[in-house]
Each structure stands twice: as structure tokens, then as C-alpha cells.
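Peer 1: Below you'll find structure.txt; it's compact mmCIF, C-alpha atoms.
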# COMPACT_ATOMS: atom_id res chain seq x y z
CA MET A 285 163.83 35.20 160.34
CA LYS A 286 165.99 37.58 158.45
CA PRO A 287 164.50 39.49 155.52
CA LYS A 288 165.59 38.35 152.15
CA PRO A 289 168.19 40.64 150.74
CA VAL A 290 167.18 42.63 147.74
CA ASN A 291 168.89 41.78 144.53
CA SER A 292 170.80 44.89 143.65
CA GLN A 293 170.42 44.10 139.97
CA SER A 294 166.54 43.96 140.05
CA VAL A 295 166.05 47.74 140.44
CA LYS A 296 168.38 50.03 138.65
CA PRO A 297 168.47 53.75 139.22
CA GLN A 298 167.55 55.76 136.11
CA SER A 299 170.06 58.03 134.58
CA PRO A 300 169.31 61.77 134.41
CA LEU A 301 169.14 61.55 130.62
CA VAL A 302 166.41 58.90 130.71
CA LEU A 303 164.40 60.79 133.33
CA GLY A 304 164.65 63.98 131.30
CA ALA A 305 163.39 62.24 128.18
CA ALA A 306 160.47 60.75 130.09
CA LEU A 307 159.47 64.11 131.54
CA ALA A 308 159.68 65.69 128.09
CA SER A 309 157.47 62.96 126.63
CA LEU A 310 154.90 63.49 129.41
CA ALA A 311 154.87 67.23 128.84
CA ALA A 312 154.41 66.76 125.12
CA LEU A 313 151.57 64.34 125.74
CA LEU A 314 149.83 66.75 128.08
CA LEU A 315 150.23 69.63 125.66
CA GLY A 316 149.05 67.54 122.76
CA ALA A 317 145.91 66.57 124.68
CA ALA A 318 144.80 70.20 125.00
CA PRO A 319 142.37 71.16 122.18
CA ALA A 320 143.72 73.62 119.65
CA PRO A 321 141.94 76.97 119.73
CA ALA A 322 139.15 77.17 117.11
CA SER A 323 139.74 79.63 114.31
CA ALA A 324 137.13 82.42 114.02
CA PRO A 325 134.77 82.06 111.03
CA ALA A 326 135.51 84.37 108.14
CA ALA A 327 133.39 87.50 108.35
CA ALA A 328 130.96 88.14 105.50
CA PRO A 329 132.28 90.86 103.19
CA ALA A 330 130.72 94.25 103.79
CA VAL A 331 130.28 94.87 100.06
CA VAL A 332 129.64 92.22 97.41
CA LYS A 333 130.06 93.46 93.84
CA VAL A 334 128.19 91.57 91.12
CA SER A 335 128.03 91.93 87.37
CA THR A 336 126.22 88.77 86.17
CA ALA A 337 122.88 87.13 86.88
CA LYS A 338 124.54 84.07 88.46
CA GLN A 339 126.62 86.27 90.73
CA LEU A 340 123.51 88.15 91.80
CA GLN A 341 121.60 84.94 92.54
CA ALA A 342 124.52 83.67 94.62
CA ALA A 343 124.84 86.96 96.48
CA LEU A 344 121.13 87.01 97.32
CA ALA A 345 121.30 83.45 98.65
CA ALA A 346 124.36 84.18 100.79
CA ALA A 347 123.34 87.65 101.98
CA ALA A 348 124.14 88.54 105.57
CA PRO A 349 122.90 91.32 107.86
CA GLY A 350 124.79 94.55 107.33
CA GLN A 351 125.89 93.61 103.83
CA THR A 352 125.59 95.65 100.63
CA ILE A 353 125.15 93.92 97.27
CA GLN A 354 126.30 96.32 94.57
CA LEU A 355 125.14 95.85 90.98
CA ALA A 356 127.20 96.93 88.04
CA ASP A 357 125.30 98.48 85.14
CA GLY A 358 123.92 95.88 82.77
CA THR A 359 120.99 93.52 82.24
CA TYR A 360 120.40 90.68 84.72
CA SER A 361 118.09 88.07 83.25
CA GLY A 362 116.78 85.36 85.57
CA THR A 363 114.84 84.67 88.76
CA PHE A 364 115.94 86.80 91.70
CA LYS A 365 114.75 85.93 95.19
CA ALA A 366 115.97 87.00 98.64
CA THR A 367 114.98 85.01 101.73
CA VAL A 368 117.59 86.03 104.32
CA PRO A 369 116.36 88.82 106.63
CA GLY A 370 118.47 91.67 107.86
CA THR A 371 117.98 93.25 111.25
CA ALA A 372 116.93 96.67 112.51
CA ALA A 373 120.55 97.41 113.36
CA ALA A 374 122.05 95.80 110.25
CA ARG A 375 119.94 96.13 107.14
CA ILE A 376 120.81 94.37 103.89
CA THR A 377 121.10 96.66 100.86
CA LEU A 378 120.75 95.82 97.18
CA THR A 379 121.87 98.81 95.16
CA GLY A 380 122.67 99.87 91.62
CA SER A 381 121.99 102.63 89.16
CA SER A 382 118.91 102.79 86.95
CA LYS A 383 121.09 101.10 84.31
CA ALA A 384 121.25 97.94 86.43
CA VAL A 385 118.17 96.19 85.03
CA LEU A 386 116.52 93.06 86.43
CA THR A 387 114.29 91.16 84.03
CA THR A 388 112.91 87.65 83.53
CA PRO A 389 113.61 85.59 80.42
CA THR A 390 109.97 84.50 80.06
CA GLY A 391 108.22 87.71 81.05
CA GLY A 392 106.52 85.84 83.91
CA GLY A 393 107.01 85.58 87.65
CA TYR A 394 108.49 88.31 89.81
CA GLY A 395 111.31 90.61 88.79
CA LEU A 396 112.54 90.70 92.41
CA HIS A 397 110.99 88.66 95.21
CA LEU A 398 111.67 89.59 98.83
CA ASP A 399 110.29 86.48 100.52
CA GLY A 400 110.61 86.82 104.28
CA ALA A 401 113.47 89.22 103.62
CA SER A 402 112.72 91.85 106.26
CA TYR A 403 114.94 94.89 106.75
CA TRP A 404 116.08 95.09 103.14
CA THR A 405 116.75 98.30 101.22
CA VAL A 406 116.50 98.11 97.42
CA GLN A 407 117.96 101.22 95.88
CA GLY A 408 118.35 102.78 92.45
CA LEU A 409 117.90 99.79 90.16
CA THR A 410 115.31 99.05 87.45
CA VAL A 411 112.92 96.09 87.25
CA THR A 412 111.09 95.32 84.00
CA GLY A 413 109.74 92.55 81.79
CA ALA A 414 108.11 90.44 84.51
CA GLN A 415 104.53 89.60 85.40
CA LYS A 416 104.96 91.52 88.68
CA GLY A 417 107.84 93.88 89.35
CA ILE A 418 108.89 93.87 93.03
CA MET A 419 107.02 91.58 95.43
CA ALA A 420 107.43 91.72 99.23
CA ASP A 421 105.99 88.67 100.99
CA ALA A 422 106.02 88.53 104.81
CA ALA A 423 108.86 91.03 104.69
CA ASN A 424 108.72 93.85 107.22
CA TYR A 425 110.50 97.21 107.08
CA VAL A 426 111.40 96.87 103.41
CA VAL A 427 112.52 100.14 101.78
CA LEU A 428 112.29 100.60 98.00
CA ASP A 429 114.17 103.78 97.27
CA ASN A 430 114.54 105.52 93.89
CA VAL A 431 113.72 102.37 91.92
CA THR A 432 112.14 102.21 88.48
CA VAL A 433 109.52 99.57 87.60
CA HIS A 434 107.98 99.39 84.15
CA HIS A 435 106.52 97.10 81.48
CA THR A 436 104.93 94.45 83.67
CA THR A 437 101.80 92.51 82.79
CA MET A 438 100.43 92.98 86.31
CA GLU A 439 101.29 95.26 89.23
CA GLY A 440 104.53 97.15 89.57
CA VAL A 441 105.09 96.83 93.35
CA HIS A 442 103.17 94.65 95.81
CA PHE A 443 103.38 94.57 99.63
CA ARG A 444 101.68 91.28 100.52
CA ASN A 445 101.29 88.59 103.15
CA SER A 446 101.53 90.99 106.11
CA SER A 447 104.56 92.93 104.91
CA ALA A 448 104.24 95.77 107.42
CA HIS A 449 106.09 99.09 107.71
CA GLY A 450 107.20 99.02 104.08
CA THR A 451 108.29 102.13 102.19
CA LEU A 452 108.24 103.07 98.52
CA ARG A 453 109.83 106.47 97.99
CA GLY A 454 111.25 108.63 95.25
CA SER A 455 110.54 106.00 92.62
CA ARG A 456 109.11 105.85 89.10
CA ILE A 457 106.42 103.35 88.08
CA HIS A 458 104.88 103.29 84.61
CA ASP A 459 103.61 100.94 81.89
CA THR A 460 102.11 98.26 84.12
CA GLY A 461 99.14 95.97 83.44
CA LEU A 462 100.11 95.65 79.80
CA ASN A 463 97.27 93.19 79.13
CA ARG A 464 94.90 96.13 79.69
CA ASP A 465 92.37 93.99 81.53
CA GLY A 466 91.99 96.30 84.51
CA MET A 467 94.75 94.51 86.44
CA GLY A 468 98.17 96.03 86.90
CA GLU A 469 98.21 98.54 89.74
CA GLY A 470 101.23 100.74 90.26
CA VAL A 471 101.35 99.77 93.95
CA TYR A 472 99.16 97.11 95.54
CA VAL A 473 99.01 96.88 99.33
CA GLY A 474 97.45 93.77 100.88
CA THR A 475 95.22 91.10 99.37
CA ALA A 476 91.69 91.32 98.01
CA ASN A 477 88.79 89.49 99.66
CA THR A 478 90.56 88.69 102.90
CA LEU A 479 91.25 90.42 106.21
CA SER A 480 94.23 88.25 107.13
CA ASP A 481 96.83 90.22 105.18
CA HIS A 482 98.07 92.89 107.61
CA SER A 483 100.43 94.80 105.36
CA ASP A 484 100.04 97.77 107.68
CA TYR A 485 101.74 101.17 107.91
CA VAL A 486 103.08 101.15 104.36
CA GLN A 487 104.36 104.57 103.25
CA ILE A 488 104.18 105.61 99.59
CA THR A 489 105.90 108.97 99.29
CA GLY A 490 107.35 111.21 96.61
CA ASN A 491 106.86 108.84 93.68
CA THR A 492 105.90 109.44 90.05
CA PHE A 493 103.18 107.15 88.69
CA GLY A 494 102.30 106.76 85.03
CA PRO A 495 101.61 107.05 82.30
CA ASN A 496 100.14 103.75 81.12
CA ILE A 497 99.36 102.15 84.46
CA GLY A 498 96.67 99.61 83.65
CA ALA A 499 94.72 99.89 86.92
CA GLU A 500 94.75 102.25 89.90
CA ASN A 501 98.05 103.95 90.56
CA VAL A 502 97.65 102.88 94.21
CA ASP A 503 95.27 100.21 95.57
CA LEU A 504 95.00 99.89 99.38
CA LYS A 505 93.17 96.69 100.25
CA GLU A 506 90.81 95.78 103.06
CA GLY A 507 92.61 94.37 106.10
CA THR A 508 95.44 96.91 105.88
CA THR A 509 95.75 99.84 108.24
CA GLY A 510 97.54 103.08 108.97
CA GLY A 511 99.45 103.78 105.77
CA LEU A 512 100.55 107.08 104.21
CA VAL A 513 100.27 108.23 100.58
CA SER A 514 102.02 111.58 100.35
CA GLY A 515 103.66 113.87 97.81
CA ASN A 516 103.12 111.63 94.79
CA SER A 517 102.35 112.54 91.19
CA PHE A 518 99.55 110.46 89.61
CA ASP A 519 98.77 110.08 85.91
CA GLY A 520 95.62 108.12 85.08
CA ASP A 521 96.43 107.66 81.42
CA GLY A 522 96.03 103.89 81.14
CA LEU A 523 92.91 103.41 83.25
CA THR A 524 90.52 101.08 81.42
CA GLY A 525 87.40 101.07 83.58
CA SER A 526 87.60 97.27 83.83
CA HIS A 527 87.48 95.84 87.36
CA TYR A 528 86.48 99.31 88.60
CA ASP A 529 89.84 100.89 87.84
CA ASP A 530 88.52 104.42 87.45
CA SER A 531 90.54 106.47 89.96
CA TRP A 532 94.16 107.12 90.87
CA VAL A 533 93.86 105.81 94.42
CA ASP A 534 91.33 103.35 95.84
CA VAL A 535 91.20 103.08 99.65
CA LYS A 536 89.59 99.96 101.09
CA GLY A 537 91.74 99.78 104.23
CA ASN A 538 91.43 101.79 107.44
CA GLY A 539 93.15 104.83 108.89
CA TYR A 540 95.09 106.01 105.84
CA VAL A 541 96.38 109.53 105.29
CA ILE A 542 96.28 110.74 101.67
CA GLU A 543 97.99 114.14 101.44
CA ASN A 544 99.78 116.61 99.18
CA ASN A 545 99.45 114.54 96.01
CA THR A 546 98.77 115.81 92.49
CA GLY A 547 96.77 113.93 89.88
CA ARG A 548 95.68 114.35 86.30
CA ARG A 549 93.91 112.33 83.60
CA THR A 550 91.32 109.94 84.96
CA THR A 551 88.27 108.22 83.53
CA ASP A 552 86.09 109.17 86.51
CA ASP A 553 87.31 110.14 90.00
CA GLY A 554 90.59 111.13 91.57
CA TYR A 555 90.36 109.20 94.87
CA GLN A 556 87.78 106.68 96.09
CA THR A 557 86.96 104.90 99.34
CA HIS A 558 85.03 101.63 99.43
CA SER A 559 83.77 99.24 102.11
CA VAL A 560 84.12 95.86 100.47
CA GLN A 561 84.16 94.31 103.96
CA PRO A 562 82.05 95.59 106.89
CA GLY A 563 84.00 98.07 109.01
CA TRP A 564 86.66 98.69 106.38
CA GLY A 565 87.35 101.60 104.07
CA CYS A 566 87.02 103.94 107.04
CA GLY A 567 89.01 106.65 108.79
CA THR A 568 90.82 108.04 105.75
CA VAL A 569 92.07 111.61 105.96
CA PHE A 570 92.43 113.60 102.72
CA ARG A 571 94.29 116.90 102.82
CA GLY A 572 96.26 119.13 100.47
CA ASN A 573 95.58 117.07 97.32
CA ARG A 574 95.31 118.80 93.94
CA SER A 575 93.13 117.05 91.37
CA ASP A 576 92.67 117.79 87.68
CA LEU A 577 89.64 115.92 86.33
CA THR A 578 89.67 117.59 82.93
CA GLY A 579 88.44 115.12 80.32
CA ALA A 580 86.89 112.66 82.78
CA THR A 581 83.73 111.05 81.36
CA GLY A 582 82.57 108.77 84.18
CA ALA A 583 79.28 108.96 86.02
CA ASP A 584 80.61 110.63 89.19
CA ARG A 585 83.68 112.75 88.41
CA TYR A 586 84.60 113.85 91.94
CA ALA A 587 88.09 114.57 93.17
CA ILE A 588 87.25 112.46 96.24
CA ASP A 589 84.41 109.97 95.92
CA VAL A 590 83.43 108.61 99.34
CA THR A 591 81.07 105.68 98.85
CA ASN A 592 80.69 104.56 102.46
CA TYR A 593 80.52 107.58 104.74
CA ASP A 594 79.00 107.27 108.21
CA ALA A 595 79.85 109.95 110.76
CA ALA A 596 79.58 107.50 113.64
CA THR A 597 80.96 104.22 112.32
CA CYS A 598 82.90 104.99 109.13
CA LYS A 599 84.17 108.54 109.16
CA VAL A 600 86.20 110.05 106.34
CA THR A 601 87.84 113.45 106.76
CA ILE A 602 88.10 115.90 103.86
CA GLY A 603 90.66 118.28 105.32
CA ALA A 604 92.01 121.63 104.27
CA GLY A 605 93.79 122.38 101.02
CA ASN A 606 92.17 119.85 98.70
CA THR A 607 91.43 121.45 95.31
CA VAL A 608 89.85 120.32 92.04
CA THR A 609 89.81 121.44 88.43
CA GLY A 610 87.07 120.10 86.16
CA GLY A 611 84.67 117.34 87.04
CA ARG A 612 81.58 117.82 89.20
CA GLY A 613 83.22 118.94 92.41
CA LEU A 614 85.59 118.22 95.25
CA VAL A 615 83.54 115.52 96.97
CA ASN A 616 80.19 113.82 96.50
CA PRO A 617 77.15 115.45 98.14
CA GLY A 618 76.54 114.80 101.81
CA ILE A 619 80.18 114.48 102.77
CA PRO A 620 81.39 117.34 105.00
CA ALA A 621 84.52 119.16 103.85
CA ARG A 622 86.50 121.78 105.73
Hey, can you dump this file as C-alpha cells for me?

Peer 2:
Amino acid sequence: MKPKPVNSQSVKPQSPLVLGAALASLAALLLGAAPAPASAPAAAPAVVKVSTAKQLQAALAAAAPGQTIQLADGTYSGTFKATVPGTAAARITLTGSSKAVLTTPTGGGYGLHLDGASYWTVQGLTVTGAQKGIMADAANYVVLDNVTVHHTTMEGVHFRNSSAHGTLRGSRIHDTGLNRDGMGEGVYVGTANTLSDHSDYVQITGNTFGPNIGAENVDLKEGTTGGLVSGNSFDGDGLTGSHYDDSWVDVKGNGYVIENNTGRRTTDDGYQTHSVQPGWGCGTVFRGNRSDLTGATGADRYAIDVTNYDAATCKVTIGAGNTVTGGRGLVNPGIPAR
């Protein structure tokens, strides 16, 4: 049987023009199917300049590691809170002159709250008119450099909630604790009546405290360890005697070094150590401090009043170079001094 002949009209050869158009359509389809390259996200600006409270609040909320927020001179009234952490390699900086002033409209709350905002540097600016000036909560490696804090109803600066490795340096703190109820420390490290706040290794160096600080210039709480208080100037004008605020520095933590500070005007002592929890208030080293107790009227009146010395379990070292003018002596009887 012969095969059926193919109808020559059933299959027509395509013209070169038609084939070319088909190939072009296929190529376009294939190219169109490929995903377009994603555009890189815009990099955060290295410097953000602000001049209003709303701009500052927005800049704090949007802060990125490595960024600098620069304040123009002026008054910033509001609530200012930072929660974004920097990194060890890319700190976040908030900077301005002393004429850049943060305040609160009600006089309550915190002037500046670093809440979980580790690796921040706050530089140059002024905080006033709040209940508490600068608060660091769970914020490690915070540096407060050349800031001014004044006219707060409670403490000026507080490292709290295990804010370790913080630094306060070259700063001025005065007129705190305006209620004059024995509360309103210049710097408060840790939390009272607990050992869970490990705000350790805080350094307080080269600052000027007073006058009119309504409690201790520096209060180092139980549960904190290994800090440094060095090269500061203390003025006890403002001590009330309430809540035991009768010295410039009260050490209740462990392993602190207190050195090369000067102090004047106190109601009783210059420096005190206390064990408000067993095993705490120990290991402090005092050296090179110069104390002027002229005018003190308290019961003890020692430059360094060690209330919990035990050579074996709670040693305190009174090193070389400590001096005293006025009062009853350098240190209370029974405490060895070099």
C-alpha cells in the first residue's frame, strides 16, 4: 500500500522574518523572567543634625551604629529615650555644646534615658529640670563625657540594671536632690537592697561635684564591683544627714579604687565603707585622697570611715598619700594605714 501523499498546503515553511520575530520574542521572554537586581538599602547618614525636640526624638529612635547625632544650641523640652545599641566597633554618639539643654516639661522622669543603649557616647550637652538626669539601664560601655547635669529632684547620673563598664568623665554635676530629703546623689551606681544589679567596673574620673548635691556625691551600691573613682573634686555643701548622707563617697560594693580625689565641706566624714549585705563593702583601696573636714560636726569626722573592717574577710586598704585637714583624723582607730 502506498503512503498517502502529504498535502503540500498543510505545512508551510516559515519566512525568515517570522522566525526572527519569534526568536526575538523568546529572548525577550527569557530576559524578562530573570529577576531585576535588588537595589542596595540607603545607608544611614553618618551625621544627623537636629535643632528641635521632635527631631531629636526621631533621631534617637532611628539611630544606627556608627552614627553621630549633633545637637544645635537651644532648649529641647520633652522625653528623650534611646534604645538602639551601638557596637564596640561603631559607637553611637550624641553630642552638643553645654548650650544644648535637655529638659522635661513636667520636671519629672528622666532627662535622658539610655535603655539598653550600649556603646553610646553622650558628649558636651546639659541635662536639667528632670527628676533624674541621665539614666543608663542595661546599657554597657556607655561614656558620659564633659556633660553638665543640674537641678534635678533626685540623682544626677545613675548606672542601673547591670550597666557595666560605664564611664563618667570630665563632667559637672551640681544642684541635685532639690527636695532636700537625703535623696539626690551626684552619681548612683547599682541598686539598693539587692545583689542582682551588676553595674560593674564603672569609672568616675575627673569630674566636679557640687555644690548643693542633696545626698552623697557618689554612692556605690552593694552588688557592684571593680569600679574606679579618681581625680574628682567633691563639695559636700548640700548634705542633709537624712538617709545617712553624711560623706562625699559611700562604698557598699566590692573591689573599688578611690584615688587622687579632693573633698571639702562635709557634715561628718569624707569617705565611708559599709556592709549592708554580708560580704559586701569590702576590698576598697584608698590612696592619694586629700580631705578637708573643716567645719564638720558629725560624731565621727574621719577622712575615711571604715565601718566593716576585717583583715581576713573584708579588707580595706588605706594606701599612701591620703591626707586630712580638720576632723578627728585620717581613719577610725583600729584600721591600719600605710

Peer 1: Can you tell me which residues surround range 412-414 of chain A at a distance of at most 7 Å, considering only C-alpha atoms, apart from same-chain residues fewer than 5 positions away, and format the answer as a list of chain:residue names?

Peer 2: A:Leu386, A:Thr387, A:Thr388, A:Gly391, A:Gly392, A:Gly393, A:Tyr394, A:Gly395, A:Val433, A:His434, A:His435, A:Thr436, A:Thr437

Peer 1: Considering all atoms listed in the file, return as an MDAnalysis selection string whatever protein or nucleic-acid residues lie within 8 Å of Gly350 in chain A, sequence-local ones (same chain, fewer than 3 positions apart) excluded.

Peer 2: chainID A and resid 330 370:371 373:377

Peer 1: Considering only C-alpha atoms, state which residue in the set A:Asp503, A:Gly563, A:Asn477, A:Leu462 is at the smallest distance from Thr524 in chain A.

Peer 2: A:Leu462

Peer 1: Show which residues sit within 10 Å of Tyr485 in chain A, as a ChimeraX atom specification. Count all atoms listed in the file, and ignore same-chain residues fewer than 3 positions away.

Peer 2: /A:425,447-451,473,482,488,508-512,539-540

Peer 1: Have a look at CA of Gly605 in chain A and CA of Asn573 in chain A and let me know their distance in Å, one decimal.

Peer 2: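 Interatomic distance, CA of Gly605 in chain A to CA of Asn573 in chain A: 6.7 Å.
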
Peer 1: Could you check which of A:Thr492, A:Thr336, A:Thr601, A:Asn545 is closest to Val471 in chain A, using all atoms listed in the file?

Peer 2: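 Comparing A:Thr492, A:Thr336, A:Thr601, A:Asn545 against Val471 in chain A, the winner is A:Thr492.
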
Peer 1: What's the 7 Å shell around Ser381 in chain A, counting all atoms listed in the file, without same-chain residues fewer than 2 positions away, as a count of residues only?

Peer 2: 5

Peer 1: Quick one: distance from CA of Glu506 in chain A to CA of Ala587 in chain A in Å, one decimal?

Peer 2: 21.4 Å
